[in-house]
Amino acid sequence: MIFSSHIFLLYFLPLFLLAYFLVPSKGRNIVLLLASIVFYAWGAPDFILILLASTVANFYLVKAMHRATSTHRKKLFCLLAILLSLGLLAYFKYANFFVDNANALLSALGLGTMGWTKVLLPIGISFFTFQSITYVVDTYRGVNAPMQRLTDYMVYIIMFPQLIAGPIVRYTDIADQITARRRLRWEECLQGFYRFVIGLSKKVLIADVIGRTVDVALGGDLAIMDTGTAWITITAYTMQLYFDFSGYSDMAIGLGRMMGFRFPENFDNPYTSASITEFWRRWHITLGTFMRNYLYIPLGGNRHGTARTYLNLWIVFLLSGLWHGASWNFVLWGAYHGCFLVVERLLSRHIPRFDTQRRNPLFVIPTFIILLVGWAIFRIEDLPSCWTFIQRLFAFDFSGFALAEHPQYYVTLTVALLFTFFTFLPFGKRIQRFAYYTDYRPKAHIPVWLVASLLFFFCLGALTATDFSPFIYFRF
């Protein structure tokens, strides 16, 4: 089940909200837990037992870790809990990748290949794995005490708004919201609905419209694509990915607010960044926070000299690329970004104008071009095809340029670019703050609710005319 589907919008969500609002406050976690189980089982019935079993096991391992009287036993239980989560992730996400590459090597050496049955990837496994690791490590570090109720912990891990694609929420950020009896106010519910509709519109009215033409363009013969089409296509994919993923985050944040939760923001106008360093402070913010707190700092961060700092940065982004998918193009994409981060650190040490702490607006365009090339690596998994496409980007061959058949594609792409970059200007930021964060006066809710409802029905109409379109990050 996905947010942008009729079954979720017209059946699951209304029935859930009705039950959630009618039960006493002490029973809302149970309603949310049961709904989350149904939500996940609907889309991945073969994996729901694995999700539940791993969640229960982690809960008791952390409790045993907390009760342990010796440092050795604490470390042992912490390691077991982390290995349980990472072991499941490694098996389901990377076993096929490992076997395929091992067989390719064995075949090249003239040896027999290993027999293997392909493993299906459970949806959302990367996100709930990382979320469980934050809880384990933070409890070990003493940042928070372990949760007392199994049901509360299960709500934290598998609540359906952010189960599939985040945001990755630290327990300390929402501890009181889970364990306390949440007060529901109609103003908060309406604010959540508005945020949900913004995300739904991003996904259905922008990302899906652009994505259909992008898929056709990248599914053709890349070797004969002219340079103009290549740049438009990768720009369109860049917009599709952003509006698809940020749309999901908006919907998750909106749903959470309707239920009394405040999830952290996950995007902050990333394409207006003036450096790759700034981009990664603004893109998928909760993943960046996770990688910094639970990988970069444990590796040593910047505490062991300049060379080690650069190596740590590069390793983090190499692993970040691998986290995005079990394919060499993702590894290359992570290494690509890691190299630019290291280069920016080097330049900022010696050339003041390249200091990433001093935002230079002139660098927004070159940064965006670097990102476009990076998204080409990210999108095209076959490396020879990826290299062919990048060559076409810089071939300066405009002889075969022709407009796509659907004018809606160009109109939607233009709208996406305007929405993406208008926050570069102060008035754009004010408009965004008004749309996202305004606490409206009671009378102001009437026109805002009407606009949100109109957009909601536009989205329903668009969904009726399109095929099933899952969120891009569901497969990561």
# chains A, B, ... in the order shown; residues from 1 in each chain; ligands from 1

$ residues_around --residues "His406 in chain A" --least-positions-apart "6" --cutoff "12 Å" --atoms "only C-alpha atoms" --output "PDB file with N, CA and C atoms, in the first residue's frame"
ATOM      1  N   VAL A 209       4.132  12.866 -13.424  1.00  0.00           N
ATOM      2  CA  VAL A 209       3.973  13.387 -14.784  1.00  0.00           C
ATOM      3  C   VAL A 209       5.331  13.454 -15.481  1.00  0.00           C
ATOM      4  N   ILE A 210       6.324  13.973 -14.781  1.00  0.00           N
ATOM      5  CA  ILE A 210       7.669  14.053 -15.356  1.00  0.00           C
ATOM      6  C   ILE A 210       8.256  12.670 -15.562  1.00  0.00           C
ATOM      7  N   ARG A 212       7.095   9.721 -16.215  1.00  0.00           N
ATOM      8  CA  ARG A 212       6.672   8.860 -17.327  1.00  0.00           C
ATOM      9  C   ARG A 212       7.495   9.138 -18.590  1.00  0.00           C
ATOM     10  N   THR A 213       7.769  10.401 -18.871  1.00  0.00           N
ATOM     11  CA  THR A 213       8.565  10.739 -20.054  1.00  0.00           C
ATOM     12  C   THR A 213      10.043  10.424 -19.834  1.00  0.00           C
ATOM     13  N   VAL A 214      10.520  10.637 -18.611  1.00  0.00           N
ATOM     14  CA  VAL A 214      11.913  10.306 -18.293  1.00  0.00           C
ATOM     15  C   VAL A 214      12.173   8.817 -18.514  1.00  0.00           C
ATOM     16  N   VAL A 216      10.676   6.770 -20.501  1.00  0.00           N
ATOM     17  CA  VAL A 216      10.696   6.470 -21.945  1.00  0.00           C
ATOM     18  C   VAL A 216      12.021   6.913 -22.558  1.00  0.00           C
ATOM     19  N   THR A 412       5.047  20.901 -16.826  1.00  0.00           N
ATOM     20  CA  THR A 412       5.258  20.412 -15.460  1.00  0.00           C
ATOM     21  C   THR A 412       6.709  20.572 -15.047  1.00  0.00           C
ATOM     22  N   LEU A 413       7.635  20.304 -15.968  1.00  0.00           N
ATOM     23  CA  LEU A 413       9.051  20.478 -15.664  1.00  0.00           C
ATOM     24  C   LEU A 413       9.367  21.940 -15.355  1.00  0.00           C
TER      25      LEU A 413
END

$ residues_around --residues "Asp397 in chain A" --least-positions-apart "2" --cutoff "10 Å" --atoms "only C-alpha atoms" --output "ChimeraX atom specification"
/A:224-229,392-395,399-401

$ closest_residue --among "A:Leu255, A:Ile133, A:Ile123, A:Ala180" --to "Lys26 in chain A" --atoms "only C-alpha atoms"
A:Ala180

$ atom_distance --atom1 "CA of Gly115 in chain A" --atom2 "CA of Leu383 in chain A"
24.9 Å

$ closest_residue --among "A:Thr414, A:Leu241, A:Phe267, A:Tyr436" --to "Phe378 in chain A" --atoms "only C-alpha atoms"
A:Leu241

$ residues_around --residues "Pro264 in chain A" --least-positions-apart "4" --cutoff "10 Å" --atoms "only C-alpha atoms" --output "ChimeraX atom specification"
/A:166-170,173-174,249,253,285-286

$ select_by_dssp --residues "range 306-427 of chain A" --states "alpha helix (DSSP H)" --output "ChimeraX atom specification"
/A:306-324,328-350,364-379,383-393,407-421,426-427
